[in-house]
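Novice: Got a structure for you, protein-v3.tsv, holding TSV, C-alpha atoms.
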```
chain	number	residue	atom	x	y	z
A	1	MET	CA	83.59	11.35	25.62
A	2	THR	CA	83.11	12.86	22.15
A	3	ARG	CA	83.00	10.89	18.92
A	4	SER	CA	86.41	12.17	17.84
A	5	ARG	CA	88.01	11.12	21.13
A	6	LEU	CA	86.37	7.71	20.86
A	7	LYS	CA	87.79	7.29	17.35
A	8	TRP	CA	91.29	8.20	18.56
A	9	LEU	CA	91.04	5.85	21.54
A	10	ILE	CA	89.90	2.92	19.41
A	11	THR	CA	92.60	3.68	16.84
A	12	VAL	CA	95.32	3.71	19.52
A	13	LEU	CA	94.05	0.44	21.04
A	14	VAL	CA	93.97	-1.20	17.61
A	15	PHE	CA	97.60	-0.20	17.00
A	16	VAL	CA	98.59	-1.44	20.48
A	17	LEU	CA	96.90	-4.78	19.80
A	18	ALA	CA	98.52	-5.06	16.38
A	19	GLY	CA	101.93	-4.14	17.83
A	20	ALA	CA	101.67	-6.69	20.67
A	21	SER	CA	100.58	-9.43	18.25
A	22	TRP	CA	103.44	-8.58	15.90
A	23	MET	CA	106.00	-8.71	18.73
A	24	VAL	CA	104.76	-12.10	19.98
A	25	ASN	CA	104.65	-13.53	16.45
A	26	GLN	CA	108.13	-12.18	15.71
A	27	PHE	CA	109.47	-13.74	18.91
A	28	LEU	CA	108.04	-17.13	17.95
A	29	ILE	CA	109.33	-16.85	14.40
A	30	ASP	CA	112.85	-16.04	15.66
A	31	ARG	CA	112.83	-19.05	17.99
A	32	ILE	CA	111.51	-21.41	15.30
A	33	LEU	CA	114.14	-20.12	12.85
A	34	LEU	CA	116.83	-20.74	15.44
A	35	GLN	CA	115.53	-24.28	16.01
A	36	GLU	CA	115.49	-24.95	12.28
A	37	LYS	CA	119.05	-23.69	11.97
A	38	GLU	CA	120.15	-26.05	14.73
A	39	ASP	CA	118.36	-28.94	13.04
A	40	VAL	CA	120.18	-28.19	9.78
A	41	GLU	CA	123.51	-28.00	11.62
A	42	LEU	CA	122.76	-31.37	13.23
A	43	TRP	CA	121.98	-32.84	9.81
A	44	ALA	CA	125.26	-31.45	8.45
A	45	LYS	CA	127.22	-32.98	11.34
A	46	ALA	CA	125.43	-36.29	10.79
A	47	ILE	CA	126.67	-36.26	7.19
A	48	GLU	CA	130.19	-35.70	8.46
A	49	PHE	CA	129.75	-38.56	10.96
A	50	ASN	CA	128.45	-40.94	8.27
A	51	ASN	CA	131.46	-40.22	6.09
A	52	ALA	CA	134.00	-40.50	8.92
A	53	ASN	CA	135.99	-43.65	9.62
A	54	VAL	CA	134.15	-44.81	12.74
A	55	GLU	CA	136.31	-47.92	13.16
A	56	SER	CA	139.52	-45.88	13.24
A	57	ASP	CA	138.11	-43.37	15.74
A	58	PRO	CA	135.27	-44.93	17.77
A	59	GLN	CA	135.60	-42.28	20.47
A	60	ALA	CA	134.65	-39.56	17.97
A	61	ALA	CA	131.43	-41.43	17.25
A	62	LEU	CA	130.63	-41.73	20.93
A	63	ASP	CA	131.41	-38.03	21.43
A	64	PHE	CA	129.07	-37.09	18.58
A	65	VAL	CA	126.18	-39.15	19.90
A	66	SER	CA	126.75	-37.96	23.46
A	67	SER	CA	127.26	-34.26	22.79
A	68	GLU	CA	124.86	-33.69	19.91
A	69	LEU	CA	122.03	-36.10	20.63
A	70	ILE	CA	122.01	-36.60	24.38
A	71	ILE	CA	123.57	-33.68	26.22
A	72	LYS	CA	122.86	-30.68	23.99
A	73	GLU	CA	119.62	-28.85	24.85
A	74	ARG	CA	118.04	-28.16	21.52
A	75	THR	CA	114.45	-27.76	22.61
A	76	ARG	CA	113.38	-27.75	26.25
A	77	ILE	CA	110.56	-30.31	26.07
A	78	PRO	CA	109.68	-31.86	29.47
A	79	MET	CA	110.13	-35.66	29.26
A	80	LEU	CA	109.74	-38.60	31.62
A	81	VAL	CA	110.58	-42.25	31.12
A	82	VAL	CA	108.35	-44.62	33.09
A	83	ASP	CA	108.17	-48.41	33.40
A	84	GLU	CA	105.10	-50.55	32.91
A	85	ASP	CA	104.01	-49.81	36.50
A	86	GLY	CA	104.16	-46.05	35.91
A	87	GLU	CA	107.27	-45.51	38.04
A	88	ILE	CA	109.63	-42.80	36.84
A	89	VAL	CA	112.89	-44.21	35.53
A	90	ALA	CA	114.47	-41.09	33.97
A	91	SER	CA	113.64	-37.48	33.32
A	92	ARG	CA	114.68	-34.52	31.23
A	93	PHE	CA	113.72	-30.87	31.77
A	94	VAL	CA	111.45	-31.83	34.68
A	95	SER	CA	112.49	-30.54	38.11
A	96	PRO	CA	112.74	-33.12	40.93
A	97	GLU	CA	109.80	-31.61	42.85
A	98	ASP	CA	107.60	-31.99	39.76
A	99	GLN	CA	108.39	-35.68	39.25
A	100	THR	CA	105.08	-36.84	40.73
A	101	PRO	CA	102.24	-39.18	39.68
A	102	GLU	CA	100.18	-36.08	38.82
A	103	THR	CA	102.83	-34.97	36.34
A	104	VAL	CA	102.91	-38.45	34.82
A	105	GLU	CA	99.14	-38.37	34.25
A	106	LYS	CA	99.31	-34.86	32.86
A	107	LEU	CA	101.93	-35.88	30.27
A	108	ARG	CA	99.92	-38.98	29.37
A	109	ARG	CA	96.93	-36.77	28.52
A	110	LEU	CA	98.97	-34.31	26.48
A	111	ASN	CA	100.62	-36.68	24.02
A	112	PRO	CA	100.65	-40.43	23.22
A	113	ALA	CA	103.44	-42.28	24.99
A	114	ILE	CA	106.39	-43.53	22.93
A	115	PRO	CA	107.31	-47.14	23.81
A	116	ILE	CA	110.98	-48.13	23.91
A	117	GLN	CA	112.64	-51.54	24.45
A	118	ILE	CA	115.29	-51.75	27.19
A	119	PRO	CA	117.37	-54.85	28.12
A	120	ALA	CA	116.43	-56.26	31.53
A	121	GLY	CA	120.10	-56.56	32.57
A	122	LEU	CA	123.67	-56.67	31.36
A	123	GLU	CA	123.68	-60.47	30.92
A	124	ASP	CA	119.93	-60.85	30.42
A	125	SER	CA	118.66	-60.81	26.86
A	126	THR	CA	115.10	-60.27	27.97
A	127	MET	CA	113.66	-56.91	26.84
A	128	THR	CA	111.36	-54.78	28.96
A	129	THR	CA	109.06	-52.09	27.70
A	130	GLN	CA	109.29	-48.54	29.02
A	131	TYR	CA	107.44	-45.40	27.89
A	132	VAL	CA	108.63	-41.91	27.07
A	133	LEU	CA	106.08	-39.30	28.13
A	134	TYR	CA	106.55	-35.76	26.90
A	135	GLY	CA	104.85	-32.41	27.16
A	136	GLU	CA	105.12	-29.17	25.22
A	137	SER	CA	107.92	-26.66	24.82
A	138	GLU	CA	107.54	-23.12	26.04
A	139	TYR	CA	107.13	-21.95	22.45
A	140	ILE	CA	104.08	-24.16	21.88
A	141	GLN	CA	102.60	-23.00	25.18
A	142	LEU	CA	103.10	-19.39	24.11
A	143	VAL	CA	101.46	-20.06	20.76
A	144	ARG	CA	98.45	-21.53	22.57
A	145	PHE	CA	98.27	-18.45	24.80
A	146	VAL	CA	98.40	-15.86	22.00
A	147	PRO	CA	94.76	-16.28	20.81
A	148	PHE	CA	93.51	-15.76	24.38
A	149	LEU	CA	95.69	-12.66	24.65
A	150	GLN	CA	94.28	-11.29	21.41
A	151	LEU	CA	90.74	-12.18	22.47
A	152	GLY	CA	91.29	-10.32	25.72
A	153	PHE	CA	92.45	-7.23	23.83
A	154	VAL	CA	89.43	-7.43	21.54
A	155	LEU	CA	87.03	-7.77	24.48
A	156	ILE	CA	88.66	-4.79	26.21
A	157	LEU	CA	88.39	-2.82	22.97
A	158	LEU	CA	84.72	-3.75	22.56
A	159	GLY	CA	84.01	-2.93	26.20
A	160	ILE	CA	85.59	0.51	25.93
A	161	GLY	CA	83.81	1.14	22.63
A	162	TRP	CA	80.45	0.07	24.03
A	163	ALA	CA	80.85	2.14	27.22
A	164	SER	CA	81.93	5.16	25.18
A	165	TYR	CA	79.03	4.67	22.76
A	166	GLN	CA	76.56	4.55	25.63
A	167	SER	CA	78.10	7.69	27.09
A	168	ILE	CA	77.80	9.47	23.75
A	169	MET	CA	74.19	8.35	23.32
A	170	GLN	CA	73.26	9.60	26.78
A	171	SER	CA	75.04	12.87	26.11
A	172	GLU	CA	73.25	13.29	22.78
A	173	GLN	CA	69.88	12.49	24.35
A	174	SER	CA	70.56	15.07	27.03
A	175	ASN	CA	71.53	17.60	24.37
A	176	LEU	CA	68.39	16.70	22.44
A	177	TRP	CA	66.02	17.35	25.33
A	178	VAL	CA	67.80	20.53	26.37
A	179	GLY	CA	67.89	21.66	22.78
A	180	MET	CA	64.20	20.89	22.30
A	181	ALA	CA	63.36	23.12	25.25
A	182	LYS	CA	65.57	25.91	23.92
A	183	GLU	CA	64.22	25.49	20.41
A	184	ALA	CA	60.66	25.67	21.71
A	185	ALA	CA	61.48	28.84	23.61
A	186	HIS	CA	63.13	30.28	20.51
A	187	GLN	CA	60.24	29.35	18.25
A	188	LEU	CA	57.65	30.79	20.59
A	189	GLY	CA	59.70	33.88	21.41
A	190	THR	CA	59.52	35.41	17.93
A	191	PRO	CA	55.72	35.61	17.58
A	192	ILE	CA	55.29	36.53	21.25
A	193	SER	CA	57.70	39.44	20.80
A	194	GLY	CA	55.74	40.44	17.74
A	195	LEU	CA	52.48	40.39	19.69
A	196	TYR	CA	53.93	42.67	22.33
A	197	GLY	CA	55.10	45.05	19.61
A	198	TRP	CA	51.71	45.15	17.88
A	199	LEU	CA	49.99	45.74	21.20
A	200	ALA	CA	52.29	48.64	21.97
A	201	LEU	CA	51.61	50.21	18.59
A	202	MET	CA	47.88	49.75	18.99
A	203	LYS	CA	48.02	51.53	22.32
A	204	GLU	CA	49.84	54.46	20.75
A	205	ASP	CA	47.88	54.82	17.49
A	206	LYS	CA	44.61	53.22	18.50
A	207	SER	CA	44.59	51.69	15.03
A	208	SER	CA	43.10	48.40	13.91
A	209	ALA	CA	45.63	48.05	11.08
A	210	TYR	CA	47.80	45.88	13.28
A	211	VAL	CA	45.08	43.39	14.16
A	212	ASP	CA	45.87	41.29	11.08
A	213	GLU	CA	49.52	41.11	12.03
A	214	MET	CA	48.57	40.02	15.54
A	215	SER	CA	46.27	37.38	14.12
A	216	GLN	CA	49.08	36.00	11.98
A	217	ASP	CA	51.38	35.74	14.99
A	218	VAL	CA	48.68	34.02	17.00
A	219	ASP	CA	48.25	31.56	14.13
A	220	ARG	CA	51.99	31.15	14.16
A	221	LEU	CA	51.88	30.13	17.81
A	222	LYS	CA	49.24	27.57	16.96
A	223	HIS	CA	51.35	26.14	14.15
A	224	ILE	CA	54.40	25.89	16.43
A	225	ALA	CA	52.40	23.96	19.00
A	226	GLU	CA	51.20	21.60	16.27
A	227	ARG	CA	54.77	21.06	15.12
A	228	PHE	CA	55.95	19.91	18.53
A	229	ASN	CA	52.89	17.69	18.87
A	230	LYS	CA	53.79	15.90	15.63
A	231	ILE	CA	57.38	15.11	16.68
A	232	GLY	CA	57.50	11.47	17.78
A	233	SER	CA	54.30	10.42	16.01
A	234	THR	CA	53.49	9.41	12.43
A	235	PRO	CA	52.41	12.60	10.66
A	236	GLU	CA	49.68	12.69	8.06
A	237	ARG	CA	51.01	13.46	4.58
A	238	VAL	CA	49.03	14.84	1.65
A	239	PRO	CA	50.12	15.83	-1.89
A	240	THR	CA	51.26	19.44	-1.67
A	241	SER	CA	53.10	21.90	-3.89
A	242	LEU	CA	56.65	22.25	-2.61
A	243	LYS	CA	56.99	25.42	-4.62
A	244	GLY	CA	54.06	26.95	-2.76
A	245	GLU	CA	55.43	25.84	0.64
A	246	LEU	CA	58.81	27.35	-0.14
A	247	GLU	CA	57.20	30.64	-1.18
A	248	TYR	CA	55.15	30.68	2.03
A	249	ALA	CA	58.27	30.04	4.15
A	250	MET	CA	60.20	32.70	2.26
A	251	GLU	CA	57.51	35.31	2.89
A	252	TYR	CA	57.48	34.50	6.58
A	253	ILE	CA	61.28	34.76	6.83
A	254	LYS	CA	61.45	37.96	4.74
A	255	ARG	CA	59.01	39.74	7.03
A	256	ARG	CA	61.21	39.05	10.04
A	257	ILE	CA	64.65	40.00	8.74
A	258	PRO	CA	66.01	43.45	7.80
A	259	LYS	CA	64.80	43.87	4.21
A	260	LYS	CA	67.53	46.34	3.27
A	261	GLU	CA	70.29	44.01	4.40
A	262	ALA	CA	68.97	40.61	3.36
A	263	SER	CA	68.12	38.88	0.11
A	264	ILE	CA	66.42	35.52	-0.27
A	265	GLN	CA	65.48	34.36	-3.76
A	266	MET	CA	64.14	31.20	-5.38
A	267	GLU	CA	65.05	29.89	-8.82
A	268	VAL	CA	62.61	27.40	-10.38
A	269	ASP	CA	63.38	25.12	-13.32
A	270	PRO	CA	61.64	26.91	-16.22
A	271	ASN	CA	61.04	23.66	-18.11
A	272	ALA	CA	59.05	22.06	-15.28
A	273	GLN	CA	55.33	22.30	-14.66
A	274	ASP	CA	53.79	22.97	-11.26
A	275	ALA	CA	52.60	19.37	-11.06
A	276	HIS	CA	56.23	18.24	-11.09
A	277	PHE	CA	56.78	19.89	-7.71
A	278	GLU	CA	54.01	18.09	-5.84
A	279	ALA	CA	54.97	15.62	-3.12
A	280	PRO	CA	53.17	13.95	-0.19
A	281	ILE	CA	54.24	15.98	2.86
A	282	ASN	CA	53.06	17.16	6.22
A	283	ARG	CA	52.82	20.91	5.82
A	284	GLU	CA	53.55	21.83	9.45
A	285	LEU	CA	56.72	19.76	9.67
A	286	MET	CA	57.98	20.60	6.19
A	287	GLN	CA	57.47	24.31	6.86
A	288	TRP	CA	59.57	23.85	9.98
A	289	ALA	CA	62.33	22.17	7.98
A	290	PHE	CA	62.32	24.83	5.26
A	291	GLU	CA	62.41	27.68	7.78
A	292	ASN	CA	65.29	26.05	9.67
A	293	LEU	CA	67.31	25.74	6.46
A	294	MET	CA	66.58	29.34	5.49
A	295	LYS	CA	67.42	30.71	8.94
A	296	ASN	CA	70.57	28.60	9.08
A	297	GLY	CA	71.68	29.86	5.65
A	298	LEU	CA	70.91	33.49	6.41
A	299	ASP	CA	72.73	33.30	9.75
A	300	ALA	CA	75.77	31.80	8.00
A	301	SER	CA	75.59	34.43	5.26
A	302	LYS	CA	75.39	37.22	7.82
A	303	GLU	CA	78.56	35.91	9.47
A	304	GLY	CA	80.22	35.79	6.08
A	305	GLY	CA	79.31	39.40	5.33
A	306	THR	CA	76.77	38.73	2.53
A	307	PHE	CA	73.28	38.45	3.99
A	308	GLN	CA	71.92	36.38	1.10
A	309	MET	CA	70.40	32.99	0.28
A	310	ASP	CA	69.48	31.39	-3.04
A	311	ILE	CA	67.02	28.48	-3.36
A	312	ARG	CA	66.97	26.29	-6.46
A	313	LEU	CA	64.01	24.01	-7.17
A	314	LYS	CA	63.89	21.37	-9.92
A	315	PRO	CA	62.34	17.93	-10.58
A	316	VAL	CA	64.65	14.90	-10.72
A	317	LYS	CA	64.16	11.17	-11.29
A	318	SER	CA	63.93	10.43	-7.57
A	319	GLY	CA	61.42	13.24	-6.93
A	320	VAL	CA	61.96	16.93	-6.26
A	321	GLN	CA	65.35	18.45	-5.52
A	322	ILE	CA	65.76	21.66	-3.51
A	323	GLU	CA	69.09	23.39	-2.91
A	324	PHE	CA	69.62	26.00	-0.21
A	325	LYS	CA	72.79	28.00	-0.93
A	326	ASP	CA	74.21	30.55	1.49
A	327	TYR	CA	77.22	32.84	1.10
A	328	GLY	CA	78.75	32.40	4.53
A	329	SER	CA	82.10	31.27	5.85
A	330	GLY	CA	81.66	27.64	4.73
A	331	ILE	CA	81.99	24.36	6.62
A	332	ASP	CA	85.05	22.11	6.91
A	333	LYS	CA	84.53	18.85	5.04
A	334	LYS	CA	85.21	16.82	8.19
A	335	ASP	CA	82.12	18.48	9.72
A	336	TRP	CA	79.72	17.90	6.81
A	337	LYS	CA	78.01	15.01	8.62
A	338	GLU	CA	78.57	16.40	12.10
A	339	VAL	CA	76.33	19.43	11.44
A	340	PHE	CA	73.28	17.16	11.74
A	341	ARG	CA	74.36	15.78	15.13
A	342	PRO	CA	72.48	17.10	18.20
A	343	GLY	CA	74.50	19.75	20.00
A	344	PHE	CA	76.85	20.55	17.10
A	345	SER	CA	76.92	24.24	16.22
A	346	THR	CA	79.40	26.60	14.59
A	347	LYS	CA	77.57	29.66	15.96
A	348	LYS	CA	78.37	31.32	19.28
A	349	ARG	CA	74.68	31.25	20.13
A	350	GLY	CA	72.61	28.18	19.44
A	351	TRP	CA	72.06	24.66	20.65
A	352	GLY	CA	72.75	22.85	17.39
A	353	LEU	CA	69.30	21.33	17.08
A	354	GLY	CA	67.75	23.01	14.04
A	355	LEU	CA	69.52	20.85	11.43
A	356	THR	CA	69.02	17.73	13.56
A	357	LEU	CA	65.25	18.24	13.55
A	358	THR	CA	65.34	19.13	9.86
A	359	LYS	CA	67.15	15.89	8.99
A	360	ARG	CA	64.67	13.88	11.02
A	361	ILE	CA	61.68	15.59	9.38
A	362	ILE	CA	63.01	15.06	5.86
A	363	GLU	CA	64.50	11.55	6.17
A	364	GLU	CA	62.41	9.79	8.83
A	365	TYR	CA	59.01	11.40	8.28
A	366	HIS	CA	59.17	11.98	4.51
A	367	ASN	CA	61.61	9.29	3.25
A	368	GLY	CA	63.77	11.95	1.65
A	369	SER	CA	67.44	12.86	1.97
A	370	ILE	CA	69.46	15.88	3.04
A	371	PHE	CA	73.19	16.46	2.89
A	372	ILE	CA	75.80	19.11	2.14
A	373	SER	CA	76.50	18.93	-1.59
A	374	GLU	CA	79.27	21.53	-1.57
A	375	SER	CA	80.96	23.95	0.77
A	376	GLU	CA	83.97	26.19	0.36
A	377	LYS	CA	85.70	28.34	2.92
A	378	GLY	CA	84.73	31.97	2.51
A	379	LYS	CA	82.23	31.24	-0.28
A	380	GLY	CA	79.35	29.46	1.40
A	381	THR	CA	77.54	26.15	1.69
A	382	THR	CA	74.84	24.34	-0.27
A	383	PHE	CA	72.38	21.94	1.40
A	384	ARG	CA	70.64	19.57	-1.01
A	385	VAL	CA	67.21	18.14	-0.16
A	386	THR	CA	65.48	15.45	-2.20
A	387	LEU	CA	61.85	14.48	-1.56
A	388	PRO	CA	60.07	11.58	-3.29
A	389	CYS	CA	56.89	12.33	-5.23
A	390	ASP	CA	55.09	9.13	-4.18
```
Let me see the file written as C-alpha cells.

Specialist:
Amino acid sequence: MTRSRLKWLITVLVFVLAGASWMVNQFLIDRILLQEKEDVELWAKAIEFNNANVESDPQAALDFVSSELIIKERTRIPMLVVDEDGEIVASRFVSPEDQTPETVEKLRRLNPAIPIQIPAGLEDSTMTTQYVLYGESEYIQLVRFVPFLQLGFVLILLGIGWASYQSIMQSEQSNLWVGMAKEAAHQLGTPISGLYGWLALMKEDKSSAYVDEMSQDVDRLKHIAERFNKIGSTPERVPTSLKGELEYAMEYIKRRIPKKEASIQMEVDPNAQDAHFEAPINRELMQWAFENLMKNGLDASKEGGTFQMDIRLKPVKSGVQIEFKDYGSGIDKKDWKEVFRPGFSTKKRGWGLGLTLTKRIIEEYHNGSIFISESEKGKGTTFRVTLPCD
C-alpha cells in the first residue's frame, strides 16, 4: 500500500467514524427533545388541571391522573416494586420472564431504591414500606455504548494505519536495498566502461597518453568503494572548501557528458571570501551528493530540451548555501517531498535512490538541509542545500 492510498483510506475511515458518531448523537438529541416536549406538555396540562373545578368534575381529575401519570408511556424505564422481603409486588416495562431475584439485585446495584409508604389494608391504618427499583432507559444505555463504539473505530483505524505503515516501511526497505545494488552497479559501470575504452585505444595506438585517464578511473573505483563503506557509519569530517569540491565534481561531470550539448556553470557570491565557503565535511560522501544533484539536474534538463545546469554558491547566516538549478520539465508541488523517498522517480530509467542518498548524506551525516526551493512546469527546478560551517 502506497502512502497516498494510506492517506485516502485513513481519510475515508475518519469520515465514516465522524458520520456514525453524528448519526448516533442526532438520534439521541431527537429522542431527548421529544421527551422534553412531552414533559412541557404534561406541565401545561397540569396547569389546566390545577385551574379546573375538581369538585364539580372529579372524574376529569381521575382521568388526568390515570391517563397522563399512570398509563401513558413517556419513557420506558424498567421498574419493579418490592416489599421489605424483596418479593416483587408490581412491575412496569419488565417482562414476566425477567421478573426474577437476579433482576431485583441488578436494579438494586444500578440505582438507589425509592421507598414508598403503602397502607397495610383497606381498614388498617398501619403503613408498610415498599421500594421502587428502577434501571435505565434505552437512551441512557445507548449513550453508555457510544464511547465504546467510537473507541472501537479508533482502534480499527490505528490498526489499519499501523499495518499499512509497516507495509510501507518494508516496501521502502526493499526498495532501498534493491536500489543500493543498482546504484552500486551504476556507479561502478561508468569508470569500468571508461577503462575498457582506454584499453581499446591503447591497443590500437600503442600510446601511453591514455594511462593517466585509466589511472583516474581506477581512482574513481576506489572512491566509489569508500563511499559505500561510509554509508551506515559515522564519517570523519574535516574543514574543506565547498567551492573547491563543487569545482572538482563539475570537472568530473563535464568530462563524461557531451560537451557540445551540455552546459554546467557555477556562480559564486563576489562579495564573499574563500574562507566563507569552508565547512566540516566528509569529502567522499559530499562529492557523491554533489554529483547526484548535478546528474539529476542534467538529466531533467535533457528531458526538458535544455541540457543545462546553474550552480549558485553564497554564504548565509546558517552556513553555506548552494543552489542547483536545472531547466527541465519541473516537478509538481505535491511531489516536492516525495522526490527524496526511496523508489520515487520521474524518469523511465532509474531506481529513485540518488536523491534519497543525497538527503541522508547532507542531513544525517552533515547536519545540513536540502529541499526544493522552487519548481515550475516547463521551466525547471531548484534544489537548495545549506551546510553549517561549524

Novice: Leaving out Leu13 in chain A and any residue of its chain fewer than 3 positions from it, which residues lie within 12 Å of it when counting all atoms listed in the file, given as a PyMOL selection string?

Specialist: chain A and resi 6-10+16-20+150+153-161

Novice: In Å, rounded to a single decimal, give me how far CA of Ile114 in chain A is from CA of Gly135 in chain A.

Specialist: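 CA of Ile114 in chain A lies 12.0 Å from CA of Gly135 in chain A.
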
Novice: In Å to one decimal, how far is CA of Leu298 in chain A from CA of Gly328 in chain A?

Specialist: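 Going from CA of Gly328 in chain A over to CA of Leu298 in chain A, I get 8.1 Å.
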
Novice: A:Tyr131, A:Phe290, A:Phe340, A:Tyr365: which is nearest Asp85 in chain A, counting all atoms listed in the file?

Specialist: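 Of all the options, A:Tyr131 lies closest to Asp85 in chain A.
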
Novice: Taking (113.3, -41.0, 35.3) as a centre in this file's frame and 10 Å as the limit, can you find every polymer residue with an atom that close, using all atoms listed in the file, and give them as a PDB file with C-alpha atoms, in the frame of the given file?

Specialist:
```pdb
ATOM      1  CA  MET A  79     110.130 -35.660  29.260  1.00  0.00           C
ATOM      2  CA  LEU A  80     109.740 -38.600  31.620  1.00  0.00           C
ATOM      3  CA  VAL A  81     110.580 -42.250  31.120  1.00  0.00           C
ATOM      4  CA  VAL A  82     108.350 -44.620  33.090  1.00  0.00           C
ATOM      5  CA  ASP A  83     108.170 -48.410  33.400  1.00  0.00           C
ATOM      6  CA  GLU A  87     107.270 -45.510  38.040  1.00  0.00           C
ATOM      7  CA  ILE A  88     109.630 -42.800  36.840  1.00  0.00           C
ATOM      8  CA  VAL A  89     112.890 -44.210  35.530  1.00  0.00           C
ATOM      9  CA  ALA A  90     114.470 -41.090  33.970  1.00  0.00           C
ATOM     10  CA  SER A  91     113.640 -37.480  33.320  1.00  0.00           C
ATOM     11  CA  ARG A  92     114.680 -34.520  31.230  1.00  0.00           C
ATOM     12  CA  VAL A  94     111.450 -31.830  34.680  1.00  0.00           C
ATOM     13  CA  PRO A  96     112.740 -33.120  40.930  1.00  0.00           C
ATOM     14  CA  GLN A  99     108.390 -35.680  39.250  1.00  0.00           C
ATOM     15  CA  VAL A 132     108.630 -41.910  27.070  1.00  0.00           C
TER      16      VAL A 132
END
```

Novice: For Ser137 in chain A, which of A:Ala275, A:Ile281, A:Leu28, A:Leu149 is the closest residue, counting all atoms listed in the file?

Specialist: A:Leu28

Novice: Suppose you want the space between CA of Glu323 in chain A and CA of Arg384 in chain A; what is it in Å?

Specialist: 4.5 Å

Novice: Could you check which of A:Gln308, A:Ser301, A:Gln265, A:Ser241 is closest to Glu278 in chain A, using only C-alpha atoms?

Specialist: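 Smallest distance to Glu278 in chain A is found for A:Ser241.
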
Novice: Quick one: everything within 10 Å of Phe277 in chain A, counting only C-alpha atoms, minus sequence neighbours fewer than 3 positions away in the same chain. Send it as a ChimeraX atom specification.

Specialist: /A:239-244,268,272-274,313-316,319-321,387-389

Novice: Nearest to Ala249 in chain A: which of A:Arg283, A:Arg237, A:Arg341, A:His276 is it, counting all atoms listed in the file?

Specialist: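 Among A:Arg283, A:Arg237, A:Arg341, A:His276, it is A:Arg283 that comes nearest to Ala249 in chain A.
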
Novice: For Ile140 in chain A, find every residue with an atom within 12 Å (counting all atoms listed in the file), except residues of its own chain fewer than 3 positions away, and show them as a short mmCIF file (atom, residue, chain, number, x, y, z; two decimals) with C-alpha atoms, in the frame of the given file.

Specialist:
```
data_model
loop_
_atom_site.label_atom_id
_atom_site.label_comp_id
_atom_site.auth_asym_id
_atom_site.auth_seq_id
_atom_site.Cartn_x
_atom_site.Cartn_y
_atom_site.Cartn_z
CA ASN A 25 104.65 -13.53 16.45
CA LEU A 28 108.04 -17.13 17.95
CA ILE A 29 109.33 -16.85 14.40
CA ARG A 31 112.83 -19.05 17.99
CA ILE A 32 111.51 -21.41 15.30
CA THR A 75 114.45 -27.76 22.61
CA ARG A 76 113.38 -27.75 26.25
CA ILE A 77 110.56 -30.31 26.07
CA GLY A 135 104.85 -32.41 27.16
CA GLU A 136 105.12 -29.17 25.22
CA SER A 137 107.92 -26.66 24.82
CA VAL A 143 101.46 -20.06 20.76
CA ARG A 144 98.45 -21.53 22.57
CA PHE A 145 98.27 -18.45 24.80
CA VAL A 146 98.40 -15.86 22.00
#
```

Novice: Leaving out Asp326 in chain A and any residue of its chain fewer than 2 positions from it, which residues lie within 9 Å of it when counting all atoms listed in the file, given as a VMD selection string?

Specialist: chain A and resid 294 296 to 301 306 to 311 324 328 330 379 to 383

Novice: Using all atoms listed in the file, which protein or nucleic acid residues come within 12 Å of Glu102 in chain A? Drop anything in the same chain fewer than 4 positions from it, and give the result as a PyMOL selection string.

Specialist: chain A and resi 86-88+97-98+106-109

Novice: Counting all atoms listed in the file, which of A:Lys317, A:Ala279, A:Met214, A:Leu355 gets nearest to Ala200 in chain A?

Specialist: A:Met214
